[in-house]
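S.K.: One file: protein10.tsv (TSV, C-alpha atoms).
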chain	number	residue	atom	x	y	z
A	1	MET	CA	-20.38	-85.38	80.27
A	2	ARG	CA	-20.09	-84.99	76.51
A	3	LYS	CA	-21.50	-81.47	76.78
A	4	GLN	CA	-18.90	-80.55	79.40
A	5	LEU	CA	-16.10	-81.94	77.25
A	6	LEU	CA	-17.37	-79.96	74.25
A	7	ILE	CA	-17.52	-76.74	76.29
A	8	ALA	CA	-13.99	-77.35	77.57
A	9	ALA	CA	-12.68	-78.00	74.03
A	10	VAL	CA	-14.29	-74.82	72.68
A	11	ALA	CA	-12.92	-72.80	75.60
A	12	ALA	CA	-9.42	-74.18	75.01
A	13	THR	CA	-9.61	-73.32	71.32
A	14	MET	CA	-10.75	-69.78	72.08
A	15	SER	CA	-7.93	-69.38	74.58
A	16	VAL	CA	-5.32	-70.39	71.99
A	17	ALA	CA	-6.80	-68.04	69.39
A	18	ALA	CA	-6.87	-65.21	71.90
A	19	THR	CA	-3.23	-65.60	72.91
A	20	ALA	CA	-1.75	-66.39	69.48
A	21	ASP	CA	-0.11	-63.42	67.77
A	22	ILE	CA	-1.59	-63.79	64.31
A	23	SER	CA	-2.66	-61.00	61.96
A	24	ILE	CA	-4.45	-61.15	58.64
A	25	THR	CA	-4.41	-58.21	56.24
A	26	GLY	CA	-4.79	-57.94	52.52
A	27	ASP	CA	-5.66	-55.99	49.42
A	28	ALA	CA	-7.74	-56.43	46.30
A	29	TYR	CA	-8.57	-54.73	43.04
A	30	ILE	CA	-11.06	-55.02	40.21
A	31	ASN	CA	-9.97	-53.54	36.91
A	32	PHE	CA	-11.97	-52.70	33.77
A	33	ALA	CA	-10.48	-51.27	30.59
A	34	LYS	CA	-11.13	-50.60	26.94
A	35	GLN	CA	-7.92	-51.16	25.01
A	36	LYS	CA	-7.44	-49.49	21.64
A	37	ILE	CA	-3.67	-49.60	21.82
A	38	GLY	CA	-1.75	-52.71	22.74
A	39	ALA	CA	0.92	-55.16	21.71
A	40	ALA	CA	0.37	-56.18	18.08
A	41	ASP	CA	-3.33	-55.44	18.42
A	42	THR	CA	-5.24	-52.90	16.36
A	43	ALA	CA	-8.69	-54.04	17.44
A	44	ASN	CA	-10.79	-52.57	20.24
A	45	THR	CA	-10.65	-54.93	23.20
A	46	ASN	CA	-12.58	-54.89	26.44
A	47	TYR	CA	-10.53	-56.23	29.32
A	48	ASP	CA	-11.25	-56.92	32.96
A	49	SER	CA	-9.19	-58.47	35.73
A	50	GLN	CA	-9.23	-58.97	39.46
A	51	ARG	CA	-6.88	-59.98	42.25
A	52	ILE	CA	-7.08	-60.55	45.97
A	53	ARG	CA	-4.18	-61.15	48.37
A	54	LEU	CA	-4.26	-62.29	51.99
A	55	LYS	CA	-1.21	-61.68	54.16
A	56	VAL	CA	-1.04	-63.93	57.21
A	57	VAL	CA	1.67	-63.15	59.80
A	58	GLY	CA	2.36	-65.34	62.81
A	59	SER	CA	4.71	-64.01	65.49
A	60	ALA	CA	6.67	-65.72	68.23
A	61	GLY	CA	9.12	-63.45	70.01
A	62	ASP	CA	11.44	-61.87	67.46
A	63	ALA	CA	10.44	-64.39	64.78
A	64	LYS	CA	7.69	-63.76	62.26
A	65	VAL	CA	6.44	-66.14	59.58
A	66	THR	CA	4.68	-64.43	56.67
A	67	ALA	CA	2.55	-66.21	54.09
A	68	VAL	CA	0.89	-64.29	51.23
A	69	ILE	CA	-1.91	-66.08	49.41
A	70	ARG	CA	-3.44	-64.74	46.21
A	71	ASN	CA	-5.59	-65.61	43.26
A	72	ASP	CA	-4.57	-64.97	39.66
A	73	GLY	CA	-7.68	-63.23	38.44
A	74	ALA	CA	-9.95	-66.12	37.52
A	75	THR	CA	-12.47	-68.10	39.56
A	76	ARG	CA	-14.34	-71.37	39.24
A	77	ALA	CA	-17.42	-69.30	38.42
A	78	ASN	CA	-15.61	-67.90	35.39
A	79	ASP	CA	-15.89	-70.99	33.20
A	80	ILE	CA	-15.16	-69.06	30.02
A	81	ASP	CA	-11.58	-68.50	31.13
A	82	ILE	CA	-9.51	-71.06	29.24
A	83	ASN	CA	-6.49	-70.88	31.53
A	84	SER	CA	-7.54	-73.27	34.29
A	85	SER	CA	-4.23	-72.77	36.12
A	86	LYS	CA	-5.48	-69.34	37.19
A	87	LYS	CA	-8.55	-70.75	38.89
A	88	GLY	CA	-7.67	-71.09	42.53
A	89	LEU	CA	-5.40	-69.75	45.22
A	90	HIS	CA	-1.61	-69.75	45.06
A	91	MET	CA	1.16	-69.11	47.55
A	92	ASP	CA	2.57	-65.75	46.47
A	93	SER	CA	5.42	-65.65	49.00
A	94	LEU	CA	6.50	-67.43	52.17
A	95	TYR	CA	9.32	-66.23	54.39
A	96	LEU	CA	10.61	-65.90	57.95
A	97	THR	CA	12.12	-62.84	59.60
A	98	THR	CA	13.96	-62.85	62.93
A	99	LYS	CA	16.86	-61.32	64.84
A	100	VAL	CA	20.14	-63.01	65.67
A	101	GLY	CA	21.71	-60.64	68.14
A	102	PRO	CA	22.10	-57.30	66.31
A	103	VAL	CA	21.50	-58.90	62.90
A	104	ASN	CA	18.11	-58.87	61.14
A	105	VAL	CA	17.55	-62.01	59.07
A	106	LYS	CA	15.02	-62.75	56.31
A	107	VAL	CA	14.85	-66.15	54.62
A	108	GLY	CA	12.46	-67.80	52.16
A	109	ASP	CA	10.65	-66.79	48.97
A	110	TYR	CA	9.74	-63.13	48.70
A	111	TRP	CA	9.87	-59.99	46.52
A	112	GLY	CA	12.51	-57.29	46.78
A	113	THR	CA	13.48	-53.91	45.32
A	114	ILE	CA	16.96	-52.61	44.61
A	115	GLY	CA	17.58	-48.87	44.79
A	116	LEU	CA	14.57	-46.82	43.70
A	117	GLY	CA	13.33	-49.68	41.53
A	118	ALA	CA	13.99	-48.25	38.07
A	119	ARG	CA	15.68	-51.51	37.13
A	120	SER	CA	14.61	-54.02	39.78
A	121	LEU	CA	11.26	-53.38	41.47
A	122	ASP	CA	9.61	-56.15	43.52
A	123	ALA	CA	11.59	-58.83	41.67
A	124	ALA	CA	11.38	-62.48	42.75
A	125	ARG	CA	13.77	-63.65	45.45
A	126	SER	CA	13.55	-67.44	45.68
A	127	ASN	CA	15.34	-69.61	48.26
A	128	ALA	CA	16.82	-66.34	49.44
A	129	LEU	CA	18.62	-65.19	52.56
A	130	SER	CA	19.25	-61.59	53.53
A	131	ALA	CA	20.98	-60.29	56.64
A	132	SER	CA	21.48	-56.69	57.77
A	133	THR	CA	22.77	-54.78	60.76
A	134	LYS	CA	23.50	-51.19	61.74
A	135	VAL	CA	26.94	-49.86	62.48
A	136	GLY	CA	26.50	-46.34	63.77
A	137	ASP	CA	24.31	-44.53	61.24
A	138	TRP	CA	25.08	-47.00	58.46
A	139	LYS	CA	23.19	-50.14	57.49
A	140	LEU	CA	25.21	-53.06	56.13
A	141	GLY	CA	23.54	-55.91	54.25
A	142	LEU	CA	24.19	-59.26	52.60
A	143	PHE	CA	21.85	-61.08	50.20
A	144	THR	CA	22.22	-64.48	48.57
A	145	ALA	CA	19.79	-66.68	46.65
A	146	ASP	CA	19.56	-69.91	44.73
A	147	GLY	CA	17.91	-68.73	41.53
A	148	SER	CA	15.96	-65.50	41.66
A	149	SER	CA	14.92	-62.95	39.08
A	150	ASP	CA	16.63	-62.69	35.71
A	151	ASP	CA	17.44	-58.99	36.10
A	152	GLY	CA	20.96	-59.74	37.30
A	153	SER	CA	20.03	-59.20	40.95
A	154	ASP	CA	20.24	-62.84	42.02
A	155	THR	CA	23.17	-64.77	43.56
A	156	THR	CA	25.11	-62.69	46.11
A	157	ASN	CA	24.83	-58.96	46.75
A	158	VAL	CA	26.39	-56.76	49.41
A	159	SER	CA	24.91	-53.39	50.33
A	160	VAL	CA	25.51	-50.30	52.42
A	161	SER	CA	23.24	-47.31	53.04
A	162	GLY	CA	23.24	-44.24	55.25
A	163	LEU	CA	23.59	-40.47	55.33
A	164	LEU	CA	26.30	-38.26	53.89
A	165	GLY	CA	25.32	-34.95	55.39
A	166	PRO	CA	21.78	-34.22	54.14
A	167	VAL	CA	21.98	-36.86	51.38
A	168	SER	CA	20.64	-40.39	51.83
A	169	VAL	CA	22.82	-42.77	49.79
A	170	GLY	CA	22.78	-46.48	49.03
A	171	LEU	CA	25.08	-48.89	47.24
A	172	VAL	CA	24.32	-52.48	46.21
A	173	HIS	CA	27.08	-54.51	44.55
A	174	ASN	CA	26.90	-57.90	42.89
A	175	PRO	CA	30.37	-59.07	41.74
A	176	GLY	CA	30.08	-59.91	38.07
A	177	GLY	CA	26.44	-58.78	37.99
A	178	PHE	CA	25.83	-55.08	38.67
A	179	THR	CA	26.42	-52.09	40.87
A	180	ASN	CA	23.44	-49.95	41.88
A	181	PHE	CA	23.87	-46.47	43.40
A	182	THR	CA	21.12	-44.25	44.79
A	183	ALA	CA	21.14	-40.75	46.26
A	184	LYS	CA	18.21	-38.77	47.59
A	185	THR	CA	17.86	-35.42	49.35
A	186	THR	CA	15.43	-32.55	49.85
A	187	PHE	CA	16.50	-28.93	49.41
A	188	ASN	CA	14.13	-25.99	49.90
A	189	GLY	CA	11.18	-28.38	49.76
A	190	ILE	CA	12.29	-29.94	46.46
A	191	LEU	CA	13.15	-33.65	46.26
A	192	PHE	CA	16.17	-34.72	44.21
A	193	ALA	CA	16.74	-38.43	43.58
A	194	VAL	CA	19.09	-40.48	41.38
A	195	ASP	CA	19.09	-44.22	40.73
A	196	LYS	CA	22.01	-45.60	38.66
A	197	TRP	CA	22.32	-49.28	37.63
A	198	ASN	CA	25.69	-50.22	36.14
A	199	ASP	CA	25.37	-53.60	34.40
A	200	LYS	CA	28.37	-55.92	34.73
A	201	ARG	CA	26.92	-59.27	33.65
A	202	ARG	CA	29.20	-61.50	31.60
A	203	ASN	CA	28.29	-62.94	28.16
A	204	ILE	CA	25.27	-60.66	27.96
A	205	VAL	CA	24.59	-57.28	26.39
A	206	HIS	CA	25.25	-54.71	29.11
A	207	ASN	CA	22.29	-52.47	29.71
A	208	ASP	CA	22.86	-49.60	32.14
A	209	THR	CA	19.83	-47.74	33.51
A	210	THR	CA	19.68	-44.23	34.97
A	211	LEU	CA	16.72	-42.55	36.70
A	212	ILE	CA	16.63	-38.86	37.70
A	213	HIS	CA	13.59	-37.69	39.66
A	214	ILE	CA	12.78	-34.16	40.89
A	215	ALA	CA	9.58	-33.28	42.72
A	216	GLY	CA	8.08	-30.36	44.59
A	217	LYS	CA	4.92	-28.47	45.46
A	218	VAL	CA	3.65	-25.03	44.46
A	219	ASN	CA	0.51	-23.76	46.19
A	220	HIS	CA	-1.99	-26.61	45.80
A	221	PHE	CA	-0.16	-28.34	42.97
A	222	THR	CA	2.36	-31.17	43.24
A	223	TRP	CA	4.77	-31.54	40.33
A	224	ASP	CA	7.24	-34.25	39.28
A	225	LEU	CA	9.94	-34.41	36.63
A	226	ALA	CA	11.57	-37.69	35.68
A	227	GLN	CA	14.04	-38.98	33.12
A	228	ILE	CA	14.92	-42.65	32.55
A	229	LYS	CA	17.62	-43.83	30.18
A	230	ASN	CA	18.41	-47.40	29.12
A	231	ASP	CA	21.47	-48.30	27.04
A	232	GLN	CA	19.38	-50.94	25.29
A	233	ALA	CA	15.64	-51.03	24.54
A	234	SER	CA	13.69	-54.13	23.64
A	235	ASP	CA	10.53	-54.50	21.63
A	236	ILE	CA	7.39	-55.87	23.22
A	237	THR	CA	8.18	-59.47	22.24
A	238	ASP	CA	11.93	-59.41	22.93
A	239	THR	CA	12.88	-61.57	25.93
A	240	SER	CA	16.65	-61.12	25.62
A	241	ILE	CA	16.53	-57.84	27.57
A	242	VAL	CA	15.23	-57.90	31.11
A	243	THR	CA	11.84	-56.23	31.56
A	244	ASN	CA	10.66	-54.34	34.62
A	245	GLY	CA	6.92	-54.18	34.24
A	246	LYS	CA	6.21	-53.09	37.82
A	247	PHE	CA	7.88	-49.68	37.62
A	248	ALA	CA	5.47	-46.92	36.58
A	249	PRO	CA	7.38	-43.62	36.17
A	250	LEU	CA	5.55	-40.58	37.57
A	251	GLY	CA	2.71	-42.90	38.61
A	252	SER	CA	1.94	-43.66	34.97
A	253	MET	CA	-0.92	-45.97	33.97
A	254	LEU	CA	0.38	-46.06	30.38
A	255	ILE	CA	3.85	-47.48	31.17
A	256	GLY	CA	4.28	-50.45	33.53
A	257	ARG	CA	2.03	-53.34	32.57
A	258	SER	CA	2.52	-55.20	35.87
A	259	ALA	CA	2.32	-52.13	38.13
A	260	ARG	CA	-0.36	-52.15	40.86
A	261	GLY	CA	-0.74	-55.90	40.34
A	262	GLY	CA	-1.66	-55.28	36.71
A	263	THR	CA	-2.53	-52.12	34.76
A	264	ALA	CA	-4.78	-52.86	31.83
A	265	THR	CA	-4.30	-49.47	30.18
A	266	ALA	CA	-0.49	-49.83	30.14
A	267	VAL	CA	0.97	-50.78	26.76
A	268	ALA	CA	4.70	-51.06	27.44
A	269	ASP	CA	7.32	-51.37	30.16
A	270	VAL	CA	10.27	-49.14	31.04
A	271	SER	CA	12.63	-51.58	29.31
A	272	HIS	CA	10.94	-50.91	25.95
A	273	PHE	CA	12.25	-47.33	25.93
A	274	SER	CA	15.79	-46.08	25.53
A	275	GLU	CA	14.60	-42.79	27.05
A	276	ILE	CA	11.57	-41.55	28.95
A	277	LEU	CA	11.30	-37.84	29.77
A	278	GLY	CA	8.16	-36.70	31.49
A	279	VAL	CA	6.34	-34.26	33.76
A	280	ALA	CA	3.37	-34.85	36.05
A	281	VAL	CA	1.13	-32.32	37.82
A	282	SER	CA	-1.51	-33.25	40.38
A	283	THR	CA	-3.95	-31.43	42.64
A	284	LYS	CA	-7.01	-31.98	44.84
A	285	LEU	CA	-10.30	-31.01	43.25
A	286	ALA	CA	-13.73	-31.51	44.84
A	287	GLY	CA	-12.53	-34.49	46.87
A	288	ASN	CA	-10.72	-36.03	43.92
A	289	THR	CA	-7.01	-36.30	43.16
A	290	VAL	CA	-6.42	-35.24	39.56
A	291	LYS	CA	-3.10	-35.98	37.85
A	292	ALA	CA	-1.95	-35.16	34.32
A	293	ILE	CA	1.17	-36.79	32.85
A	294	TYR	CA	3.02	-35.95	29.66
A	295	THR	CA	6.02	-37.93	28.41
A	296	LYS	CA	8.25	-37.57	25.37
A	297	ASN	CA	10.04	-40.84	24.71
A	298	THR	CA	12.21	-42.93	22.46
A	299	MET	CA	10.73	-46.41	22.05
A	300	PHE	CA	12.38	-49.57	20.65
A	301	GLY	CA	15.59	-47.60	20.18
A	302	ASN	CA	14.41	-45.21	17.43
A	303	ASP	CA	10.65	-44.49	17.58
A	304	LYS	CA	9.90	-40.98	18.84
A	305	VAL	CA	6.62	-41.21	20.74
A	306	THR	CA	4.54	-39.11	23.12
A	307	GLY	CA	2.32	-40.20	25.97
A	308	THR	CA	-0.52	-38.22	27.54
A	309	GLU	CA	-2.55	-39.30	30.55
A	310	LEU	CA	-5.29	-38.07	32.83
A	311	ILE	CA	-5.82	-39.96	36.09
A	312	VAL	CA	-8.63	-39.17	38.56
A	313	SER	CA	-8.91	-41.03	41.87
A	314	ARG	CA	-11.39	-40.70	44.73
A	315	PRO	CA	-11.92	-42.40	48.11
A	316	LEU	CA	-15.22	-44.23	47.97
A	317	GLY	CA	-16.66	-46.13	50.94
A	318	GLY	CA	-13.42	-47.78	52.05
A	319	THR	CA	-12.15	-48.23	48.51
A	320	THR	CA	-10.33	-46.02	46.04
A	321	LEU	CA	-11.97	-45.50	42.66
A	322	THR	CA	-9.59	-44.58	39.83
A	323	ALA	CA	-10.54	-43.59	36.29
A	324	ASN	CA	-7.93	-42.88	33.65
A	325	ILE	CA	-7.49	-42.16	29.98
A	326	ALA	CA	-4.14	-42.73	28.27
A	327	LYS	CA	-2.84	-42.13	24.75
A	328	LEU	CA	0.41	-43.17	23.08
A	329	SER	CA	1.03	-41.33	19.80
A	330	ASP	CA	3.31	-41.80	16.79
A	331	VAL	CA	4.30	-45.44	17.42
A	332	ASN	CA	5.51	-47.04	14.19
A	333	THR	CA	5.88	-50.70	15.13
A	334	ILE	CA	4.43	-53.39	17.42
A	335	VAL	CA	2.03	-51.01	19.18
A	336	ASN	CA	-0.90	-49.37	17.43
A	337	GLY	CA	-0.32	-45.67	18.08
A	338	ASN	CA	-2.60	-42.62	17.89
A	339	ALA	CA	-5.32	-44.35	19.84
A	340	THR	CA	-6.64	-44.23	23.39
A	341	ASN	CA	-7.04	-46.63	26.31
A	342	THR	CA	-9.57	-45.95	29.05
A	343	GLY	CA	-9.75	-47.68	32.41
A	344	LEU	CA	-11.68	-47.91	35.67
A	345	ARG	CA	-10.54	-49.75	38.80
A	346	LEU	CA	-11.43	-50.22	42.45
A	347	ASP	CA	-8.69	-50.79	45.04
A	348	VAL	CA	-9.20	-51.78	48.66
A	349	LYS	CA	-6.87	-52.53	51.56
A	350	PHE	CA	-8.01	-54.28	54.70
What would the structure in this file look like if it were written as C-alpha cells?
M.R.:
Amino acid sequence: MRKQLLIAAVAATMSVAATADISITGDAYINFAKQKIGAADTANTNYDSQRIRLKVVGSAGDAKVTAVIRNDGATRANDIDINSSKKGLHMDSLYLTTKVGPVNVKVGDYWGTIGLGARSLDAARSNALSASTKVGDWKLGLFTADGSSDDGSDTTNVSVSGLLGPVSVGLVHNPGGFTNFTAKTTFNGILFAVDKWNDKRRNIVHNDTTLIHIAGKVNHFTWDLAQIKNDQASDITDTSIVTNGKFAPLGSMLIGRSARGGTATAVADVSHFSEILGVAVSTKLAGNTVKAIYTKNTMFGNDKVTGTELIVSRPLGGTTLTANIAKLSDVNTIVNGNATNTGLRLDVKF
C-alpha cells in the first residue's frame, strides 16, 4: 500500500512538472586580469572575478513572473574574501509582466535602459510600474517608480516611439527630471544613431549627454565611429555626478567598469569624460573576432588622454573566450597613465 501511494505521489509530481510552463536560463563569466592602471593605484594588481545568474520564468496565460538569482563573485570556498556579504545567492530582480486588454504591463524590481543607454543603461527600477500600448505604428508608454536609480530616470516618465519615414525615433520625458531623444536610421548600409539626454533636474548641476554613433562595413571589415559629450565630468571618486558604468562605447573594455557584469581591465566610466571620440575596426580572422579601438578623450574636464585596445574573442566549446589588452596614456591625476591592463575571460549562456 505504501509503495502504491509513493508511486502515485511521484507520478503526480511528474505530471505537474510536465504541464507547468517554467523555463530556466542563465549566464556566467569568469574574469582574470592584470591591472597596471587603475583608480589611485600605481601597483601591479592581479584581479579575478566570477558571476553566475539564473533566470527563472513561470508563465500562466498572459502573465509571466520572472526571478533572476545571482551570486556576487565570492563563494563559501573562498575564505580569503573578507566581504562575507558577497558569499551566497541574491535576488537580482523580481517582476511580473502581463497584458490588460491592449496594454502591456510590467511591475516589480528590474533593470531598464533609456534611449541608447549613453546616460542610463540597465539602471535599477525598484517598486516600478510600466505600461505600454500601440496606437497605429506608434508605441506609447508610462513609467513610475518609488525610488529607483539616481540618474534622474526615476519617478514618472512618459514615452513615445515609432517611425518617421525611414527614421526610428524615441522620446522619453520626465517632468522636472530630463528629456531623452533618440533617432536611428540606415542609409546605403551605414547606420546613423543619435542619443540626446537633456538634464532638467532641480537643485542639481545639469549635465547633458550626447552620443553620436555611425557604423558600417567595408569588405570583411566592420567599422564604428562614436562621439560622447558630457557637460560635466567627474573624477573617479566624485559621487556628485551620476555614473554610468555599464555603457562601453564601441564595445570598449577600457571604459565601462560595470559593463558585461564587470570588466576588470576598465579604468573609468563614461561619466568621467567630458568627451570621448573614438573609432573601432573589427574583422574575422582564423575563427576569431579581432577588434581594435582607438579613442582620443578629455578626462576629468581637462586631461587630454588616449586609449588603445585590442580585443580578440573566439567561440570555445559552448563558451566565448575573450583576451584583451588596453592602454590609457597621458593621464595626469587619479589614474596611473602610460601603463597597460591585460585580461582574459570566459562567458557562457545556457
S.K.: Kindly indicate which residue among A:Ile255, A:Thr283, A:Thr156, A:Thr182 lies nearest to Lys217 in chain A, using only C-alpha atoms for the distances.
M.R.: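 Selected residue with least distance to Lys217 in chain A: A:Thr283.
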S.K.: In terms of the shortest atom-to-atom distance over all atoms listed in the file, which of A:Thr340, A:Thr97, A:Asn297, A:Thr319 is closest to Leu129 in chain A?
M.R.: A:Thr97
S.K.: Would you kindly return, as an mmCIF file with C-alpha atoms, in the coordinates of the input, each protein, DNA or RNA residue with an atom no farther than 7 Å from any atom of Ser168 in chain A, considering all atoms listed in the file and excluding same-chain residues fewer than 5 positions away?
M.R.:
data_model
loop_
_atom_site.group_PDB
_atom_site.id
_atom_site.type_symbol
_atom_site.label_atom_id
_atom_site.label_comp_id
_atom_site.auth_asym_id
_atom_site.auth_seq_id
_atom_site.Cartn_x
_atom_site.Cartn_y
_atom_site.Cartn_z
ATOM 1 C CA GLY A 162 23.240 -44.240 55.250
ATOM 2 C CA LEU A 163 23.590 -40.470 55.330
ATOM 3 C CA ALA A 183 21.140 -40.750 46.260
ATOM 4 C CA LYS A 184 18.210 -38.770 47.590
ATOM 5 C CA THR A 185 17.860 -35.420 49.350
#
S.K.: Please, what distance in Å, to one decimal, runs between CA of Ala124 in chain A and CA of Leu250 in chain A?
M.R.: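 Taking CA of Ala124 in chain A as the start and CA of Leu250 in chain A as the end point, the length is 23.2 Å.
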S.K.: Determine the nearest neighbour of Val160 in chain A from the options A:Lys229, A:Lys106, A:Lys291, A:Lys134, counting all atoms listed in the file.
M.R.: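 Of the candidates, the smallest distance to Val160 in chain A is held by A:Lys134.
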S.K.: So, with only C-alpha atoms as the atoms that count, which of A:Val65, A:Leu285, A:Ala131, A:Val305 lies closest to Tyr95 in chain A?
M.R.: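 Smallest separation from Tyr95 in chain A among the options: A:Val65.
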S.K.: Please compute the CA of Leu277 in chain A-CA of Pro249 in chain A distance, one decimal, in Å.
M.R.: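 Between CA of Leu277 in chain A and CA of Pro249 in chain A the gap is 9.5 Å.
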S.K.: When distances are computed from only C-alpha atoms, which of A:Ala67, A:Arg257, A:Leu142, A:Ser93 shows the smallest separation from Ser126 in chain A?
M.R.: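 Counting only C-alpha atoms, the residue closest to Ser126 in chain A is A:Ser93.
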S.K.: How many Å lie between CA of Phe192 in chain A and CA of Ala215 in chain A, rounded to one decimal?
M.R.: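 Distance reported for this atom pair: 6.9 Å.
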S.K.: If you take only C-alpha atoms and a cut-off of 12 Å, which residues of range 240-285 of chain A touch range 44-52 of chain A, and what are their nearest atom pairs and distances in Å to one decimal, in chain and number order, as a Markdown table?
M.R.:
| residue | atom | partner | partner_atom | distance |
| --- | --- | --- | --- | --- |
| A:Arg260 | CA | A:Arg51 | CA | 10.3 |
| A:Gly261 | CA | A:Arg51 | CA | 7.6 |
| A:Gly262 | CA | A:Ser49 | CA | 8.2 |
| A:Thr263 | CA | A:Ser49 | CA | 9.3 |
| A:Ala264 | CA | A:Tyr47 | CA | 7.1 |
| A:Thr265 | CA | A:Tyr47 | CA | 9.2 |
| A:Ala266 | CA | A:Tyr47 | CA | 11.9 |
S.K.: Find the spatial neighbours of Gly58 in chain A, counting all atoms listed in the file, within a cut-off of 7 Å - ignore same-chain residues fewer than 2 positions away - and output them as a PyMOL selection string.
M.R.: chain A and resi 21-23+56+60+64-66
S.K.: Residues proximal to (-6.3, -66.9, 47.6) were defined as those with any atom within 10 Å of that point in the file's coordinates, counting all atoms listed in the file. Which are they, as a list in words?
M.R.: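 The residues that fall inside the cut-off are Arg51, Ile52, Arg53, Leu54, Lys55, Val68, Ile69, Arg70, Asn71, Asp72, Gly73, Lys87, Gly88, Leu89, His90, Met91 and Asp92 of chain A.
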S.K.: Taking all atoms listed in the file into account, name the residue in A:Ser252, A:Asn219, A:Ser258, A:Thr209 that is nearest to Phe273 in chain A.
M.R.: A:Thr209
S.K.: For Thr113 in chain A, work out the shell of residues within 8 Å, counting all atoms listed in the file and skipping chain neighbours fewer than 5 positions away, then give it as an mmCIF file with C-alpha atoms, keeping the file's coordinate frame.
M.R.:
data_model
loop_
_atom_site.group_PDB
_atom_site.id
_atom_site.type_symbol
_atom_site.label_atom_id
_atom_site.label_comp_id
_atom_site.auth_asym_id
_atom_site.auth_seq_id
_atom_site.Cartn_x
_atom_site.Cartn_y
_atom_site.Cartn_z
ATOM 1 C CA SER A 120 14.610 -54.020 39.780
ATOM 2 C CA LEU A 121 11.260 -53.380 41.470
ATOM 3 C CA ASP A 122 9.610 -56.150 43.520
ATOM 4 C CA ALA A 123 11.590 -58.830 41.670
#
S.K.: So which residues fall inside 6 Å of (-5.0, -37.4, 33.0) if we count all atoms listed in the file? Mind giving them as a list in words?
M.R.: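 Within the cut-off we find Lys291, Ala292, Glu309, Leu310 and Ile311 of chain A.
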S.K.: Do a neighbour search on Val100 in chain A at 12 Å with only C-alpha atoms, toss out local chain neighbours closer than 2 positions, and write the hits as a list in words.
M.R.: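 Here the answer would be Gly61, Asp62, Ala63, Thr97, Thr98, Pro102, Val103, Asn104, Val105, Lys106, Ala131, Ser132 and Thr133 of chain A.
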